[in-house]
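Written below as structure tokens is the structure these notes are about.
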Amino acid sequence: MKTRLLHVGQFPAELDARLAQAYDMTVLAEQPDRTAFLAAHGADFEALAASAITGVDAALIDALPKLRVISSFGVGLDKIDVAAAKARGITVGYTPEVLNDCVADTAFGLLIDTARSLSAADRFVRAGDWLRGAYPLTKKVSGSRLGILGMGRIGRAIAQRSIGFDMQVRYHALEPVSDVPWQYEPSLLELARWCDFLIVITAGGAATRHLVNAEVLDALGPQGFLINVARGSIIDEAALVRALQEKRIAGAGLDVFESEPHVPPELFSLDNVVLLPHVASGTRETRQAMADRVFDNLQSYFATGRALSAA
Ligand code: 8YV
């Protein structure tokens with residue numbers, strides 16, 4: 001008999017098909033009454049396939065008394081109640097490492113776009129404005145100062161890329177990281193004051209909520225750029241909107257927002273911000289690798305009692 005798997009994620013169709021073949025899979029979103037379904041059938045499921053974006057809360061874990069393993073599509077665990085899972089001895093699988101390159105690439109794409117106004121210059125050409133004059137000068141990237149908030153797996157991949165741009169790098173994290181050559185800055189405010197570009201790549205969740213607030217934005221200042229490829233919750237979005245409107249920072253490149261897919265509409269008319277729909281990991285290659293890890297974490301758990309990548 002196949003293991004019962006509850007699906008609460010948003011996955012590539014190919015992963016859905018693989019899961020449906022290997023497991024006796026039920027998609028929770030297809031049930032007309034989620035609460036009634038869980039009350040009647042919650043005890044059937046040993047496995048849960050979820051995603052970093054849709055998450056797994058303690059109430060869902062409680063509704064699945066036989067649950068043994070969660071496999072999440074994504075590296076972020078801020079929406080997965082890992083503590084509640086661990087308290088029940090449930091293994092939590094996720095997809096670290098495989099998306100480092102693409103998220104770091106996107107961070108640099110946003111950095112160059114905001115500094116050199118590539119998206120805004122593209123709009124300038126399309127609007128026919130080039131016929132009326134040259135595009136304004138922008139900010140040089142090579143040789144500039146890069147501040148990184150967070151020095152985990154992706155922070156390191158970002159810092160690595162900065163070498164090709166001859167950038168000076170400093171980072172802020174809760175604690176210094178022992179095996180990186182970059183200078184640790186114990187104060188986020190000081191880091192923001194020092195750098196030209198501040199890239200946010202720390203974990204989301206309650207501990208980092210609104211870490212980048214109005215004070216940090218003012219420390220970054222009118223020549224400074226903010227890039228976020230982590231979680232919208234880390235930035236006080238209302239404060240960021242005001243800082244961009246009032247040009248108290250030079251610009252921002254944002255892949256993530258506080259209330260996705262809702263983006264503050266005030267940003268749509270601003271040329272000093274680049275807006276992406278949470279696509280940093282969204283290449284065919286990386287999403288395939290993430291899908292494989294979601295599947296392999298489950299297979300490994302049921303074969304050996306351990307997920308390949310466990311939180
Ligand atoms: C999402 C992400 O998983 O890995 C994460 O934590 O935020 C992304 O890679 C991706 O958008 C699919 O939901």
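Here's how to read the names in the structure tokens: chain A, B, ... by the order shown, residue numbers from 1 in each chain, ligand numbers from 1 in the order shown.
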
Could you build a table of the residues in range 35-115 of chain A lying no more than 7 Å from range 282-303 of chain A, giving for each the nearest pair of atoms and their separation in Å rounded to one decimal place, using only C-alpha atoms, ordered by chain and ascending residue number, as a tab-separated table?
```
residue	atom	partner	partner_atom	distance
A:Ser71	CA	A:Val294	CA	5.6
A:Ser72	CA	A:Val294	CA	6.3
A:Phe73	CA	A:Val294	CA	5.9
A:Gly74	CA	A:Met290	CA	6.9
A:Gly93	CA	A:Asn297	CA	5.8
A:Tyr94	CA	A:Val294	CA	6.7
A:Thr95	CA	A:Met290	CA	5.8
A:Val98	CA	A:Ala289	CA	6.2
A:Leu99	CA	A:Thr286	CA	5.8
```

Selection above as a file: N, CA and C atoms, as a PDB file, in the first residue's frame:
```
ATOM      1  N   SER A  71       7.896  17.695   3.680  1.00  0.00           N
ATOM      2  CA  SER A  71       8.900  18.037   2.681  1.00  0.00           C
ATOM      3  C   SER A  71       8.486  19.355   2.045  1.00  0.00           C
ATOM      4  N   SER A  72       9.323  20.388   2.228  1.00  0.00           N
ATOM      5  CA  SER A  72       8.952  21.729   1.769  1.00  0.00           C
ATOM      6  C   SER A  72       9.764  22.144   0.554  1.00  0.00           C
ATOM      7  N   PHE A  73       9.071  22.745  -0.409  1.00  0.00           N
ATOM      8  CA  PHE A  73       9.678  23.253  -1.643  1.00  0.00           C
ATOM      9  C   PHE A  73      10.208  24.656  -1.356  1.00  0.00           C
ATOM     10  N   GLY A  74      11.506  24.783  -1.075  1.00  0.00           N
ATOM     11  CA  GLY A  74      12.085  26.092  -0.782  1.00  0.00           C
ATOM     12  C   GLY A  74      13.083  25.983   0.352  1.00  0.00           C
ATOM     13  N   GLY A  93      11.945  18.289   5.858  1.00  0.00           N
ATOM     14  CA  GLY A  93      12.875  18.369   4.734  1.00  0.00           C
ATOM     15  C   GLY A  93      12.670  19.685   3.998  1.00  0.00           C
ATOM     16  N   TYR A  94      13.749  20.241   3.432  1.00  0.00           N
ATOM     17  CA  TYR A  94      13.637  21.485   2.659  1.00  0.00           C
ATOM     18  C   TYR A  94      14.698  21.476   1.562  1.00  0.00           C
ATOM     19  N   THR A  95      14.879  22.583   0.860  1.00  0.00           N
ATOM     20  CA  THR A  95      15.738  22.550  -0.334  1.00  0.00           C
ATOM     21  C   THR A  95      16.864  23.594  -0.287  1.00  0.00           C
ATOM     22  N   VAL A  98      20.646  24.215  -3.392  1.00  0.00           N
ATOM     23  CA  VAL A  98      20.422  24.110  -4.842  1.00  0.00           C
ATOM     24  C   VAL A  98      19.987  25.437  -5.459  1.00  0.00           C
ATOM     25  N   LEU A  99      19.509  26.378  -4.637  1.00  0.00           N
ATOM     26  CA  LEU A  99      19.074  27.662  -5.208  1.00  0.00           C
ATOM     27  C   LEU A  99      20.053  28.799  -4.925  1.00  0.00           C
TER      28      LEU A  99
END
```

Kindly provide the residues of range 224-308 of chain A that approach range 173-195 of chain A to within 10 Å, each paired with its closest atom pair and their distance in Å to one decimal, based on only C-alpha atoms, listed by chain and increasing number, as JSON lines.
```
{"residue": "A:Gly224", "atom": "CA", "partner": "A:Cys195", "partner_atom": "CA", "distance": 7.1}
{"residue": "A:Phe225", "atom": "CA", "partner": "A:Cys195", "partner_atom": "CA", "distance": 8.7}
{"residue": "A:Leu226", "atom": "CA", "partner": "A:Ala192", "partner_atom": "CA", "distance": 9.3}
```

Taking only C-alpha atoms and all ligand atoms into account, name the residue in A:Pro261, A:Gly55, A:Gly109, A:Gly76 that is nearest to ligand 1.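 Ranked by minimum distance to ligand 1, first place goes to A:Gly76.
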
Let me make sure I understand: among A:Ala219, A:Ile61, A:Ala120, A:Ala52, which one has the smallest atom-to-atom distance to ligand 1 if we use only C-alpha atoms and all ligand atoms?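 Of the candidates, the smallest distance to ligand 1 is held by A:Ala52.
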
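Of the residues under consideration (A:Pro96, A:Gly133, A:Gly128, A:Gly42), A:Pro96 shows the shortest atom-to-atom contact distance to ligand 1 when counting only C-alpha atoms and all ligand atoms.
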
Any chance you could list, as a list in words, the residues in range 53-150 of chain A that come up strand (DSSP E) when DSSP is run on the backbone?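 Answer for range 53-150 of chain A, restricted to strand (DSSP E): Val69, Ile70, Ser71, Ser72, Phe73, Thr91, Val92, Gly93, Arg145, Leu146, Gly147, Ile148 and Leu149 of chain A.
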
If we count only C-alpha atoms and set the cut-off at 12 Å, which residues sit around Arg68 in chain A, ignoring sequence neighbours fewer than 3 positions away in its own chain? Please answer as a ChimeraX atom specification. /A:3-6,43-49,61,64-65,71,85-93,298,301-302,305-307

Extract, using only C-alpha atoms, all DNA, RNA and protein residues at most 9 Å from Arg145 in chain A, discarding same-chain residues fewer than 4 positions from it, and format them as a VMD selection string. chain A and resid 141 167 to 170 194 to 198

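Within the 9 Å cut-off around Glu258 in chain A, using only C-alpha atoms and omitting residues fewer than 6 positions from it on the same chain, the listed residues are Arg231, Gly232, Ser233, Ile234, Ile235, Asp236 and Glu237 of chain A.
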
Please, could you write that set of residues out with all heavy atoms as an mmCIF file, in the first residue's frame?
```
data_model
loop_
_atom_site.group_PDB
_atom_site.id
_atom_site.type_symbol
_atom_site.label_atom_id
_atom_site.label_comp_id
_atom_site.auth_asym_id
_atom_site.auth_seq_id
_atom_site.Cartn_x
_atom_site.Cartn_y
_atom_site.Cartn_z
ATOM 1 N N ARG A 231 13.104 38.006 2.404
ATOM 2 C CA ARG A 231 11.680 38.024 2.728
ATOM 3 C C ARG A 231 11.223 39.460 2.907
ATOM 4 O O ARG A 231 11.947 40.275 3.504
ATOM 5 C CB ARG A 231 11.417 37.259 4.028
ATOM 6 C CG ARG A 231 11.499 35.751 3.892
ATOM 7 C CD ARG A 231 10.357 35.186 3.058
ATOM 8 N NE ARG A 231 10.402 33.739 2.957
ATOM 9 C CZ ARG A 231 10.923 33.053 1.936
ATOM 10 N NH1 ARG A 231 11.440 33.685 0.895
ATOM 11 N NH2 ARG A 231 10.898 31.736 1.934
ATOM 12 N N GLY A 232 10.012 39.756 2.438
ATOM 13 C CA GLY A 232 9.473 41.102 2.562
ATOM 14 C C GLY A 232 9.367 41.546 4.011
ATOM 15 O O GLY A 232 9.535 42.736 4.329
ATOM 16 N N SER A 233 9.110 40.596 4.905
ATOM 17 C CA SER A 233 8.895 40.929 6.319
ATOM 18 C C SER A 233 10.107 41.586 6.977
ATOM 19 O O SER A 233 9.971 42.249 8.002
ATOM 20 C CB SER A 233 8.541 39.652 7.089
ATOM 21 O OG SER A 233 9.596 38.704 6.978
ATOM 22 N N ILE A 234 11.301 41.410 6.395
ATOM 23 C CA ILE A 234 12.516 41.942 7.037
ATOM 24 C C ILE A 234 12.580 43.469 6.924
ATOM 25 O O ILE A 234 13.226 44.145 7.709
ATOM 26 C CB ILE A 234 13.770 41.283 6.408
ATOM 27 C CG1 ILE A 234 13.714 39.757 6.584
ATOM 28 C CG2 ILE A 234 15.061 41.829 7.022
ATOM 29 C CD1 ILE A 234 14.648 38.986 5.682
ATOM 30 N N ILE A 235 11.867 44.007 5.933
ATOM 31 C CA ILE A 235 11.880 45.458 5.708
ATOM 32 C C ILE A 235 10.535 46.041 6.125
ATOM 33 O O ILE A 235 9.482 45.463 5.838
ATOM 34 C CB ILE A 235 12.149 45.752 4.212
ATOM 35 C CG1 ILE A 235 13.538 45.233 3.833
ATOM 36 C CG2 ILE A 235 12.013 47.242 3.921
ATOM 37 C CD1 ILE A 235 13.872 45.391 2.375
ATOM 38 N N ASP A 236 10.567 47.176 6.808
ATOM 39 C CA ASP A 236 9.337 47.921 7.083
ATOM 40 C C ASP A 236 8.919 48.554 5.749
ATOM 41 O O ASP A 236 9.467 49.572 5.328
ATOM 42 C CB ASP A 236 9.618 48.973 8.156
ATOM 43 C CG ASP A 236 8.392 49.808 8.475
ATOM 44 O OD1 ASP A 236 7.430 49.815 7.665
ATOM 45 O OD2 ASP A 236 8.399 50.458 9.535
ATOM 46 N N GLU A 237 7.970 47.897 5.082
ATOM 47 C CA GLU A 237 7.638 48.266 3.702
ATOM 48 C C GLU A 237 7.059 49.684 3.605
ATOM 49 O O GLU A 237 7.357 50.414 2.653
ATOM 50 C CB GLU A 237 6.654 47.233 3.138
ATOM 51 C CG GLU A 237 6.600 47.188 1.639
ATOM 52 C CD GLU A 237 5.898 45.911 1.170
ATOM 53 O OE1 GLU A 237 4.656 45.905 1.098
ATOM 54 O OE2 GLU A 237 6.592 44.913 0.900
#
```

Pro136 in chain A surroundings by only C-alpha atoms, 10 Å radius, close-in-sequence under 2 positions cut, as a list in words: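 Close residues of Pro136 in chain A: Arg116, Ser117, Ala121, Gly133, Ala134 and Thr138 of chain A.
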
Fewer than 4 positions away in the same chain doesn't count, so skip those; otherwise give me all residues within 12 Å of Gly251 in chain A, counting only C-alpha atoms, as a ChimeraX atom specification. /A:110-117,120,138-139,196-198,217,220-228,240-247,267,270-275

Distance criterion (only C-alpha atoms and all ligand atoms): nearest to ligand 1 out of A:Ser259, A:Gln31, A:Ser162, A:Ser281: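 Distance minimum relative to ligand 1 lands on A:Ser281.
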
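Taking only range 65-105 of chain A, the residues that DSSP calls helix (DSSP H, G or I) from the backbone come to Val82, Ala83, Ala84, Ala85, Lys86, Ala87, Asn100, Asp101, Cys102, Val103, Ala104 and Asp105 of chain A.
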
Looking at A:Val279, A:Leu149, A:Ile163, A:Val82, which one is nearest to ligand 1, with distances taken over only C-alpha atoms and all ligand atoms?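 Smallest separation from ligand 1 among the options: A:Val279.
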
Just to confirm, what's the straight-line distance from CA of Pro12 in chain A to atom 12 (C, counted along the ligand's line) of ligand 1 in Å (one decimal)?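 So the two atoms, CA of Pro12 in chain A and atom 12 (C, counted along the ligand's line) of ligand 1, lie 9.1 Å apart.
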
d(CA of Asp166 in chain A, CA of Ser144 in chain A) in Å: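 For CA of Asp166 in chain A relative to CA of Ser144 in chain A, the distance reads 7.6 Å.
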